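Visitor: My questions all concern the structure below.
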Amino acid sequence: MPHPHVLLSAAVSLDGCLDDTGPERLLLSSPADFDRVDAVRASADAILVGAGTIRADNPRLLVRSAERRAARIAAGRPEFPLKVAVSGTGDLDPAAAFWHTGGQKILFTTDQGAERARARALAADIVPLGPALDWAGALERLYGRYGVRRLMVEGGGSVHTQLLRDGLADELQLAVAPVLVGDPAAPRLFGPGAYQHGRLRLVETRRIEDVVLARYQPTAPGTGARAVAADRHWLALACELAERCPPSATAFSVGAVVVAADGTELARGHSREGADPVAHAEEAALAKTDPADPRLAGATVYSSLEPCARRASRPAPCARLILGAGVRRVVTAWREPDTFVPGADGSGVLTAGGAAVVVLPEYEERAKAPNRHLPG
């Protein structure tokens with residue numbers, strides 16, 4: 001099921017701490033960075049925090065700028081983003097500022113936690129997720145039931161850790177302050193866990209007074225049928241490549257990217273690339289890889305359209321080329337319609353050959369966009 005874009009936001013010390021152990025909150029951001037955070041909040045559909053943050057900081061999580069709130073209203077959005085709390089136990093103070101400021105509130109919790117939260121009469125829509133917290137289920141509900149497309153997560157460290165460890169974070173925005181805490185008991189941004197391998201992509205660095213903003217995106221693909229945030233990034237790139245195709249009345253416009261398990265891009269291609277009027281995207285991308293590259297066995301092919309199962313222009317269809325290259329995972333946005341090949345089923349060919357096929361339907365309309373001129 002589709003998920004919102006999940007943005008993890010935090011301010012940290014140089015030694016990776018979110019706070020010290022003193023009685024007062026350690027302010028790590030500068031005034032200008034607080035204003036940047038306010039702008040990010042105003043851009044979000046929802047803001048999420050864990051129970052620990054509510055207990056420790058008693059946050060209100062409001063958009064402070066009157067101009068930004070007015071702009072939200074003018075755009076037909078609520079004055080304040082939806083506020084989301086997550087608690088496994090439901091043991092939260094009903095007098096906390098979180099429940100009594102801003103607009104609509106939701107509490108995601110467990111079945112048992114929901115009973116406790118209802119008994120405490122928390123001012124929120126209480127949503128049980130089952131016997132244990134199910135982060136993927138929470139994101140699916142935010143997307144489907146509440147219309148959240150952009151989710152800002154403001155803590156705490158355990159929430160950031162779980163979302164990043166589970167491959168559910170699309171972006172990290174870290175404000176690094178010129179402060180050293182040095183206390184081993186101080187809360188840290190990320191805890192131990194089985195994180196995905198590979199380096200994150202540095203998207204931006206920016207100086208904000210004496211604070212440095214660093215933005216990162218995960219790059220490592222998921223495994224098997226499990227989709228992670230990086231899969232969405234790479235499929236979006238494939239859709240972007242499809243927009244570069246020379247138009248054709250007799251063939252689809254498709255983009256493709258080949259990515260190693262550690263998040264290294266191995267190759268990319270698009271339909272009719274290099275003035276070849278019959279080149280397919282996956283074919284063009286795979287032609288740029290070394291057939292002896294051992295990384296292909298653990299790689300993922302991202303294609304804006306399901307790889308073809310049959311074609312007249314070449315001896316081997318793209319599904320067979322992918323299997324022949326040793327790739328055993330494909331992520332696509334759109335199953336091939338019957339426009340040119342009736343009963344096309346590239347996914348069936350791939351699955352029969354031992355490959356996992358993941359379809360992310362939230363990218364279907366984007367994949368179709370450069371093909372709107374085709375019949376059907």
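Ligands are numbered from 1 in the order shown, chains are lettered A, B, ... in the order of the structure tokens, and residues start at 1 in each chain.
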Quick one: everything within 7 Å of range 8-17 of chain A, counting only C-alpha atoms, minus sequence neighbours fewer than 2 positions away in the same chain. Send it as number ranges by chain.
Guide: A: 6, 19, 28-29, 152-154, 160, 169, 171-181, 186-189
Visitor: Based on DSSP run over this structure's backbone, return all residues of range 59-213 of chain A in alpha helix (DSSP H), as a PyMOL selection string.
Guide: chain A and resi 66-74+111-119+135-144+157-165
Visitor: Near Arg320 in chain A, within 12 Å and counting only C-alpha atoms, which residues show up once chain neighbours fewer than 5 positions away are dropped, as a compact mmCIF listing (two decimals) with C-alpha atoms, in the first residue's frame?
Guide:
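Saved as part-v7.txt:
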```txt
# COMPACT_ATOMS: atom_id res chain seq x y z
CA GLU A 282 15.74 -1.98 -19.58
CA GLU A 283 17.69 -3.15 -22.61
CA LEU A 286 21.58 -3.40 -19.01
CA PRO A 307 9.32 -5.22 -18.53
CA CYS A 308 8.05 -6.72 -21.76
CA ALA A 309 7.38 -10.44 -22.11
CA ARG A 310 7.22 -10.47 -25.93
CA ARG A 311 8.52 -8.15 -28.64
CA ARG A 314 14.51 -7.91 -30.84
CA PRO A 315 15.09 -11.64 -30.24
CA ALA A 325 21.77 -10.71 -16.46
CA GLY A 326 21.25 -12.48 -13.15
CA VAL A 327 18.97 -9.83 -11.66
CA ARG A 328 16.27 -11.26 -9.43
CA ASP A 345 2.72 -10.50 -18.66
CA GLY A 346 6.35 -9.62 -18.07
CA SER A 347 5.80 -10.03 -14.34
CA GLY A 348 4.74 -13.62 -14.93
CA VAL A 349 7.91 -14.33 -16.91
CA LEU A 350 10.05 -12.75 -14.22
CA THR A 351 8.30 -14.57 -11.38
CA ALA A 352 8.60 -17.90 -13.18
CA GLY A 353 12.32 -17.19 -13.52
CA GLY A 354 12.74 -16.69 -9.79
CA ALA A 355 12.60 -12.89 -9.65
```
Visitor: Which value, in Å to one decimal, gives the distance between CA of Ser158 in chain A and CA of Phe108 in chain A?
Guide: 15.3 Å
Visitor: What is the distance, in Å and to one decimal place, between CA of Ala261 in chain A and CA of Lys288 in chain A?
Guide: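 Answer for the CA of Ala261 in chain A to CA of Lys288 in chain A separation: 17.6 Å.
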Visitor: Just want the 8 Å neighbourhood of Val278 in chain A, counted on only C-alpha atoms, with same-chain residues fewer than 6 positions away dropped. Output as a PyMOL selection string.
Guide: chain A and resi 271-272+313
Visitor: To one decimal place in Å, what is the distance between CA of Arg150 in chain A and CA of His3 in chain A?
Guide: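 Those two atoms sit 9.1 Å apart.
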Visitor: Closest to Ala369 in chain A among A:Ala132, A:Ala123, A:Cys245, A:Ala260, using only C-alpha atoms?
Guide: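 Among the listed residues, A:Cys245 lies closest to Ala369 in chain A.
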